[in-house]
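Note: the block below is work.cif and it holds mmCIF, C-alpha atoms and all ligand atoms.
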```cif
data_model
#
loop_
_atom_site.label_atom_id
_atom_site.label_comp_id
_atom_site.auth_asym_id
_atom_site.auth_seq_id
_atom_site.Cartn_x
_atom_site.Cartn_y
_atom_site.Cartn_z
CA MET A 1 -43.14 47.48 -12.44
CA LYS A 2 -41.35 44.62 -14.20
CA VAL A 3 -37.76 45.60 -14.93
CA LEU A 4 -35.07 43.76 -16.89
CA VAL A 5 -31.45 44.50 -15.97
CA ILE A 6 -28.84 43.67 -18.64
CA ASP A 7 -25.21 43.98 -17.57
CA ASP A 8 -22.21 41.69 -17.92
CA SER A 9 -20.94 42.73 -14.49
CA ARG A 10 -22.52 40.63 -11.77
CA ALA A 11 -21.60 43.33 -9.25
CA MET A 12 -23.56 45.91 -11.25
CA ARG A 13 -26.51 43.52 -11.58
CA MET A 14 -26.50 42.96 -7.80
CA ILE A 15 -26.45 46.71 -7.16
CA LEU A 16 -29.20 47.47 -9.67
CA LYS A 17 -31.32 44.52 -8.52
CA THR A 18 -31.10 45.49 -4.85
CA THR A 19 -31.81 49.14 -5.58
CA LEU A 20 -34.75 48.41 -7.89
CA ARG A 21 -36.27 45.95 -5.40
CA GLU A 22 -35.98 48.58 -2.67
CA LEU A 23 -37.90 50.88 -5.01
CA GLY A 24 -40.63 48.25 -5.25
CA HIS A 25 -39.91 46.80 -8.68
CA GLU A 26 -39.84 43.20 -9.83
CA VAL A 27 -36.44 42.47 -11.37
CA SER A 28 -35.14 39.93 -13.92
CA GLU A 29 -31.57 39.92 -15.15
CA ALA A 30 -29.43 39.00 -18.14
CA SER A 31 -25.66 39.10 -18.59
CA ASN A 32 -25.55 39.91 -22.30
CA GLY A 33 -27.75 41.28 -25.06
CA GLN A 34 -28.69 37.88 -26.49
CA GLU A 35 -29.72 36.61 -23.06
CA GLY A 36 -31.69 39.85 -22.69
CA LEU A 37 -33.60 39.14 -25.91
CA ASP A 38 -34.22 35.56 -24.71
CA VAL A 39 -35.57 36.77 -21.35
CA LEU A 40 -37.88 39.22 -23.16
CA LYS A 41 -39.32 36.30 -25.12
CA SER A 42 -39.63 33.90 -22.20
CA SER A 43 -40.64 36.23 -19.32
CA GLY A 44 -41.92 39.40 -20.98
CA PRO A 45 -43.47 41.83 -21.28
CA PHE A 46 -41.31 44.20 -19.22
CA ALA A 47 -42.19 47.82 -18.54
CA LEU A 48 -38.53 48.83 -18.48
CA ALA A 49 -35.06 47.56 -19.42
CA LEU A 50 -31.84 48.96 -17.93
CA VAL A 51 -29.14 48.29 -20.51
CA ASP A 52 -25.38 48.45 -20.08
CA TRP A 53 -23.52 49.63 -23.19
CA ASN A 54 -20.62 47.20 -22.98
CA ILE A 55 -22.21 43.77 -22.96
CA PRO A 56 -21.07 40.74 -24.96
CA LEU A 57 -22.69 38.96 -27.94
CA VAL A 58 -25.39 41.52 -28.68
CA ASN A 59 -24.13 44.86 -27.33
CA GLY A 60 -26.28 47.54 -25.72
CA TYR A 61 -26.76 49.48 -28.94
CA GLU A 62 -27.66 46.37 -30.94
CA PHE A 63 -30.07 45.34 -28.20
CA VAL A 64 -31.88 48.68 -28.43
CA CYS A 65 -32.06 48.40 -32.24
CA LYS A 66 -33.42 44.85 -32.13
CA VAL A 67 -36.03 45.70 -29.51
CA ARG A 68 -37.20 48.79 -31.38
CA ALA A 69 -37.47 46.78 -34.60
CA ASP A 70 -40.07 44.52 -32.94
CA PRO A 71 -43.49 46.16 -32.40
CA ALA A 72 -44.24 43.58 -29.67
CA TYR A 73 -41.92 45.59 -27.37
CA ALA A 74 -43.10 49.05 -28.37
CA ALA A 75 -44.35 49.81 -24.84
CA MET A 76 -41.09 48.87 -23.14
CA LYS A 77 -38.95 51.82 -22.02
CA MET A 78 -35.18 51.46 -22.23
CA VAL A 79 -32.59 53.23 -20.10
CA MET A 80 -28.88 53.02 -20.97
CA VAL A 81 -26.63 52.66 -17.93
CA THR A 82 -23.25 54.06 -18.81
CA THR A 83 -20.10 55.73 -17.57
CA GLU A 84 -19.27 59.31 -18.50
CA VAL A 85 -16.81 57.86 -21.00
CA GLU A 86 -19.55 56.65 -23.28
CA THR A 87 -21.49 59.90 -23.82
CA SER A 88 -21.12 59.82 -27.62
CA GLN A 89 -22.45 56.28 -27.56
CA VAL A 90 -25.40 57.37 -25.43
CA ALA A 91 -26.42 59.80 -28.17
CA LYS A 92 -26.30 56.92 -30.63
CA ALA A 93 -28.45 54.72 -28.37
CA LEU A 94 -31.00 57.52 -27.84
CA GLY A 95 -31.12 57.94 -31.62
CA ALA A 96 -31.84 54.23 -31.97
CA GLY A 97 -34.79 54.39 -29.58
CA ALA A 98 -33.48 54.23 -26.02
CA ASN A 99 -35.61 56.54 -23.84
CA GLU A 100 -33.14 57.75 -21.23
CA TYR A 101 -29.70 57.18 -19.76
CA VAL A 102 -28.26 56.94 -16.26
CA MET A 103 -24.64 57.84 -15.69
CA LYS A 104 -22.50 55.73 -13.36
CA PRO A 105 -22.00 56.52 -10.50
CA PHE A 106 -25.68 56.95 -9.62
CA THR A 107 -27.69 57.13 -6.42
CA LYS A 108 -30.95 55.40 -5.60
CA ASP A 109 -32.68 58.80 -5.92
CA ILE A 110 -31.30 59.39 -9.42
CA LEU A 111 -32.53 55.97 -10.50
CA ARG A 112 -35.95 56.48 -8.92
CA ASP A 113 -36.37 59.92 -10.56
CA LYS A 114 -35.49 58.62 -14.04
CA ILE A 115 -37.90 55.70 -13.70
CA GLU A 116 -40.74 57.87 -12.39
CA MET A 117 -40.14 60.37 -15.17
CA LEU A 118 -40.36 57.59 -17.78
CA ALA A 119 -43.44 56.04 -16.19
CA ALA A 120 -45.20 59.42 -16.30
CA ALA A 121 -44.21 60.10 -19.92
CA MET B 122 16.34 72.48 -14.26
CA PRO B 123 16.79 72.00 -10.50
CA GLN B 124 15.53 68.63 -9.26
CA ALA B 125 13.23 70.22 -6.66
CA GLN B 126 11.27 72.08 -9.28
CA THR B 127 10.87 68.94 -11.41
CA ILE B 128 9.34 67.13 -8.47
CA GLU B 129 7.02 69.94 -7.47
CA SER B 130 5.65 70.48 -10.95
CA ALA B 131 5.10 66.75 -11.36
CA VAL B 132 2.14 66.80 -8.97
CA ASN B 133 -0.11 68.40 -11.55
CA PRO B 134 -3.38 69.49 -9.92
CA ASN B 135 -5.12 69.45 -13.30
CA LEU B 136 -4.59 65.71 -13.47
CA VAL B 137 -4.93 64.96 -9.75
CA THR B 138 -8.08 66.90 -8.87
CA PRO B 139 -10.41 65.01 -11.27
CA PHE B 140 -9.44 61.74 -9.56
CA ILE B 141 -9.96 63.16 -6.06
CA ASN B 142 -13.41 64.31 -7.14
CA SER B 143 -14.30 61.07 -8.88
CA VAL B 144 -13.21 58.74 -6.06
CA ARG B 145 -15.29 60.77 -3.61
CA ASP B 146 -18.27 60.87 -5.96
CA VAL B 147 -18.20 57.14 -6.80
CA PHE B 148 -18.02 55.98 -3.18
CA ASP B 149 -20.50 58.57 -1.96
CA LYS B 150 -23.14 57.82 -4.61
CA MET B 151 -22.71 54.08 -5.04
CA ALA B 152 -21.79 53.01 -1.51
CA GLY B 153 -22.78 55.88 0.78
CA VAL B 154 -19.15 56.04 1.96
CA LYS B 155 -17.38 59.37 2.53
CA ILE B 156 -13.80 59.44 1.26
CA THR B 157 -11.23 62.00 2.37
CA ALA B 158 -8.22 62.51 0.11
CA GLN B 159 -4.93 63.45 1.76
CA GLU B 160 -2.18 65.56 0.25
CA PRO B 161 -0.95 63.94 -3.01
CA HIS B 162 2.76 63.18 -3.13
CA LEU B 163 5.24 61.73 -5.57
CA LYS B 164 5.74 58.00 -5.30
CA ALA B 165 9.09 57.29 -3.74
CA GLY B 166 10.96 54.36 -5.25
CA LYS B 167 9.26 51.24 -6.56
CA SER B 168 7.19 50.42 -3.50
CA THR B 169 4.36 48.06 -4.36
CA GLY B 170 0.76 48.80 -3.59
CA HIS B 171 -1.63 47.11 -1.22
CA ASP B 172 -3.16 43.60 -1.43
CA ILE B 173 -5.84 44.33 -4.01
CA SER B 174 -5.23 46.59 -7.00
CA GLY B 175 -7.53 47.66 -9.79
CA ILE B 176 -5.63 48.97 -12.81
CA ILE B 177 -6.84 51.00 -15.78
CA GLY B 178 -4.79 52.15 -18.75
CA PHE B 179 -5.24 55.57 -20.37
CA SER B 180 -4.30 56.38 -23.95
CA GLY B 181 -4.74 59.41 -26.16
CA ALA B 182 -4.34 62.98 -24.90
CA VAL B 183 -3.56 61.53 -21.47
CA ALA B 184 -1.56 58.31 -21.32
CA GLY B 185 -0.35 55.98 -18.62
CA SER B 186 -1.97 53.94 -15.89
CA VAL B 187 -4.11 54.49 -12.84
CA VAL B 188 -4.07 52.03 -9.96
CA VAL B 189 -6.48 51.99 -7.04
CA SER B 190 -4.93 49.86 -4.33
CA PHE B 191 -6.53 48.56 -1.11
CA PRO B 192 -5.48 46.47 1.87
CA LYS B 193 -7.58 43.25 1.80
CA ALA B 194 -9.80 44.09 4.78
CA VAL B 195 -10.51 47.59 3.44
CA ALA B 196 -11.35 46.25 -0.03
CA GLU B 197 -13.75 43.70 1.48
CA ARG B 198 -15.60 46.34 3.50
CA LEU B 199 -15.78 48.83 0.63
CA VAL B 200 -16.95 46.16 -1.81
CA GLU B 201 -19.62 45.09 0.69
CA ALA B 202 -20.84 48.70 0.94
CA PHE B 203 -20.79 48.91 -2.88
CA VAL B 204 -22.72 45.75 -3.78
CA ARG B 205 -24.53 45.61 -0.41
CA MET B 206 -23.54 42.05 0.34
CA PRO B 207 -20.33 40.49 1.65
CA LEU B 208 -18.12 39.01 -1.07
CA GLU B 209 -15.10 36.90 -0.31
CA CYS B 210 -11.81 38.39 -1.46
CA GLY B 211 -10.53 36.81 -4.66
CA THR B 212 -13.83 35.34 -5.85
CA PRO B 213 -14.92 36.26 -9.41
CA ASP B 214 -17.72 38.48 -8.04
CA PHE B 215 -15.29 40.31 -5.76
CA VAL B 216 -12.85 40.87 -8.63
CA ASP B 217 -15.72 42.04 -10.83
CA ALA B 218 -16.84 44.53 -8.15
CA VAL B 219 -13.33 45.99 -7.73
CA GLY B 220 -13.07 46.28 -11.52
CA GLU B 221 -16.40 48.14 -11.70
CA LEU B 222 -15.34 50.53 -8.92
CA VAL B 223 -12.06 51.36 -10.62
CA ASN B 224 -13.74 51.66 -14.02
CA MET B 225 -16.20 54.17 -12.56
CA ILE B 226 -13.44 56.18 -10.85
CA ALA B 227 -11.37 56.39 -14.04
CA GLY B 228 -14.41 56.93 -16.25
CA SER B 229 -15.73 59.81 -14.13
CA ALA B 230 -12.33 61.52 -13.98
CA LYS B 231 -11.59 61.15 -17.69
CA PRO B 232 -13.74 64.00 -19.10
CA TYR B 233 -11.97 66.48 -16.79
CA LEU B 234 -8.39 65.62 -17.75
CA GLY B 235 -8.43 67.74 -20.92
CA GLY B 236 -8.37 66.34 -24.43
CA VAL B 237 -9.69 63.07 -25.75
CA ALA B 238 -8.45 59.93 -24.02
CA SER B 239 -9.71 56.38 -23.90
CA ILE B 240 -9.51 53.94 -21.04
CA SER B 241 -8.89 50.21 -21.06
CA LEU B 242 -10.97 47.56 -19.38
CA PRO B 243 -9.94 47.22 -15.73
CA SER B 244 -7.52 44.53 -14.56
CA VAL B 245 -7.59 43.43 -10.96
CA VAL B 246 -4.46 42.09 -9.28
CA ILE B 247 -4.64 40.18 -6.01
CA GLY B 248 -1.39 40.13 -4.06
CA GLN B 249 1.37 42.63 -3.51
CA GLY B 250 4.09 41.53 -5.88
CA TYR B 251 3.13 43.54 -8.92
CA THR B 252 4.97 46.48 -10.41
CA VAL B 253 3.09 48.65 -12.84
CA ALA B 254 5.46 49.46 -15.65
CA SER B 255 5.27 53.11 -16.53
CA MET B 256 7.05 55.34 -18.97
CA SER B 257 10.22 56.51 -17.26
CA SER B 258 9.35 60.11 -18.05
CA THR B 259 6.04 59.84 -16.19
CA PRO B 260 6.36 60.39 -12.45
CA CYS B 261 3.79 58.58 -10.32
CA VAL B 262 1.65 60.51 -7.88
CA ILE B 263 0.08 58.84 -4.87
CA ILE B 264 -3.25 60.15 -3.57
CA PRO B 265 -3.75 58.68 -0.08
CA CYS B 266 -7.46 58.16 0.65
CA SER B 267 -9.20 57.63 4.00
CA SER B 268 -12.61 56.11 4.60
CA PRO B 269 -14.55 54.92 7.64
CA HIS B 270 -13.62 51.40 6.43
CA GLY B 271 -9.88 52.13 6.32
CA ASP B 272 -7.26 53.70 4.08
CA PHE B 273 -6.36 52.99 0.47
CA ALA B 274 -4.48 54.80 -2.29
CA ILE B 275 -4.78 55.96 -5.86
CA GLU B 276 -1.58 55.82 -7.87
CA LEU B 277 -1.55 58.05 -10.94
CA CYS B 278 1.14 57.37 -13.52
CA ILE B 279 -0.37 59.48 -16.28
CA ALA B 280 0.79 62.47 -18.28
CA ARG B 281 -0.56 64.75 -20.96
CA GLN B 282 0.82 63.76 -24.33
CA ALA B 283 2.42 66.54 -26.34
CA GLY B 284 0.59 67.09 -29.60
CA ALA B 285 -2.16 64.58 -28.76
MG MG C 1 -20.38 46.19 -18.79
#
```

Let me see whether you can do it: turn the structure in this file into structure tokens.
Ligand SMILES: [Mg+2]
Amino acid sequence: MKVLVIDDSRAMRMILKTTLRELGHEVSEASNGQEGLDVLKSSGPFALALVDWNIPLVNGYEFVCKVRADPAYAAMKMVMVTTEVETSQVAKALGAGANEYVMKPFTKDILRDKIEMLAAA
Amino acid sequence: MPQAQTIESAVNPNLVTPFINSVRDVFDKMAGVKITAQEPHLKAGKSTGHDISGIIGFSGAVAGSVVVSFPKAVAERLVEAFVRMPLECGTPDFVDAVGELVNMIAGSAKPYLGGVASISLPSVVIGQGYTVASMSSTPCVIIPCSSPHGDFAIELCIARQAGA
């Protein structure tokens, strides 16, 4: 499926991109929330977005809110990628319309299971 | 209080164990690398760390700093296993990767330290000359770590804050 990875850390984007490609997905990337919104417009639709909480300009939470406010993206699933530290923020993101979250550190299997679960939902 | 007892009680397993667990978990899950932690010991003197250090500050119920410090060659191999491509030491991507590793190690340990603490964004220092300033009352504990890619160390200069 077409997946958008949004993370300000290039290392995290590399890791997610490699892992998702190994799982057979087609990956685009953005380094902040605004760029994420731009990529949605220019290269969408995406089946899934993996969203880091701490990203500049438009943060992860704001990104989720903006996407959910636009019916054009209603079919896109969103997964927050977060550290254990941000659990209270995860609840906020889920409340705003994110579908799932993945805690760092994660394995390829954890990522695959979450994505398959969402695809089946 | 006798000096010996002060030193022994300073290596607080409640603060050390979460970091041993998190460093093993982060490298195992993210890089497929098995880490073995050796016996933690108090840092003797003001010896500096290795070539590459990732530093995170803690505040709140637990305060101080945590440093993960690697010899250059070890950092390069571990970073390569982490991002699954070779990155040259000192490049922005390399620094970013070390910062992410250290952020994950501190972030995964944090919920198990007791109480509510927050962590800072990671800083990455290249070169040996640094000294991490710590509160004089906070002894620093070194956790030596071994991996198939070489040895590195975690330096914990954190303490529970009374009344926090
Ligand atoms: Mg980030």

Practice item. Could you tell me which of B:Ala165, B:Met225, B:Val147, B:Ala158 comes closest to ligand MG 1 (chain C) if we count all atoms listed in the file? Key: B:Met225

Practice item. Just give me the gap between CA of Arg68 in chain A and CA of Gly44 in chain A in Å, one decimal is fine. Key: 14.8 Å

Practice item. Please return, as number ranges by chain, all residues of chain B lying within 8 Å of chain A when all atoms listed in the file are considered. Key: B: 146-147, 150-151, 203-205, 214-215, 217-218, 221, 225, 228-229, 231-232, 239

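Our summary of the geometry notes that CA of Arg145 in chain B is positioned 28.3 Å from CA of Ser31 in chain A.
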
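Across the model, the gap from CA of Ala230 in chain B to CA of Ala182 in chain B is 13.6 Å.
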
Exercise for review: Could you tell me, counting only C-alpha atoms and all ligand atoms, which protein and nucleic acid residues lie no more than 8 Å from ligand MG 1 (chain C), written as a list in words?
Suggested key: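 Protein and nucleic-acid residues within 8 Å of ligand MG 1 (chain C): Asp7, Asp8, Ser9, Asp52, Trp53, Asn54 and Ile55 of chain A.
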
Exercise for review: Considering all atoms listed in the file, state which residue in the set B:Ile240, B:Ile177, B:Val132, B:Leu199 is at the smallest distance from Leu163 in chain B.
Suggested key: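 Of B:Ile240, B:Ile177, B:Val132, B:Leu199, the one nearest Leu163 in chain B is B:Val132, counting all atoms listed in the file.
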
Exercise for review: Please determine the residues with any atom at most 6 Å from (-35.8, 54.8, -18.0) (coordinates as given in the file, with all atoms listed in the file counting) and report them as a PyMOL selection string.
Suggested key: chain A and resi 77-79+100+114-115+118

Contacts of Ser241 in chain B at 9 Å or less, counting only C-alpha atoms, minus same-chain residues fewer than 5 places along, as a short mmCIF file (atom, residue, chain, number, x, y, z; two decimals) with C-alpha atoms, keeping the file's coordinate frame?
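result.cif written:
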```
data_model
loop_
_atom_site.label_atom_id
_atom_site.label_comp_id
_atom_site.auth_asym_id
_atom_site.auth_seq_id
_atom_site.Cartn_x
_atom_site.Cartn_y
_atom_site.Cartn_z
CA ILE B 176 -5.63 48.97 -12.81
CA ILE B 177 -6.84 51.00 -15.78
CA GLY B 178 -4.79 52.15 -18.75
CA PHE B 179 -5.24 55.57 -20.37
CA SER B 180 -4.30 56.38 -23.95
CA ASN B 224 -13.74 51.66 -14.02
#
```

Check your understanding: Using all atoms listed in the file, which of A:Leu37, A:Ile6, A:Cys65, A:Leu20 sits nearest Ala96 in chain A?
Key ->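 Distance minimum relative to Ala96 in chain A lands on A:Cys65.
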
Practice item. Quick one: residues within 10 Å of (-0.5, 60.7, -1.6) (file frame), counting only C-alpha atoms, please, as a list of chain:residue names. Key: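 Neighbouring residues, ordered by chain and number, come to B:Val132, B:Ala158, B:Gln159, B:Glu160, B:Pro161, B:His162, B:Leu163, B:Lys164, B:Cys261, B:Val262, B:Ile263, B:Ile264, B:Pro265, B:Cys266, B:Phe273, B:Ala274, B:Ile275, B:Glu276, B:Leu277.
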
Check your understanding: From the set A:Ala119, A:Val51, A:Ala72, A:Met1, which residue has the shortest atom-to-atom contact distance to Asn32 in chain A, counting only C-alpha atoms?
Key ->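 Closest to Asn32 in chain A, using only C-alpha atoms: A:Val51.
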
Got a sec: who's within 7 Å of Glu26 in chain A, counting all atoms listed in the file, leaving out chain neighbours fewer than 5 positions off, as a PDB file with C-alpha atoms, in the frame of the given file?
```
ATOM      1  CA  MET A   1     -43.140  47.480 -12.440  1.00  0.00           C
ATOM      2  CA  LYS A   2     -41.350  44.620 -14.200  1.00  0.00           C
ATOM      3  CA  VAL A   3     -37.760  45.600 -14.930  1.00  0.00           C
ATOM      4  CA  ARG A  21     -36.270  45.950  -5.400  1.00  0.00           C
TER       5      ARG A  21
END
```

Check your understanding: Using all atoms listed in the file, which of the listed residues (A:Val102, A:Val58, A:Met117, A:Val90) sits closest to Gly33 in chain A?
Key ->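 Of all the options, A:Val58 lies closest to Gly33 in chain A.
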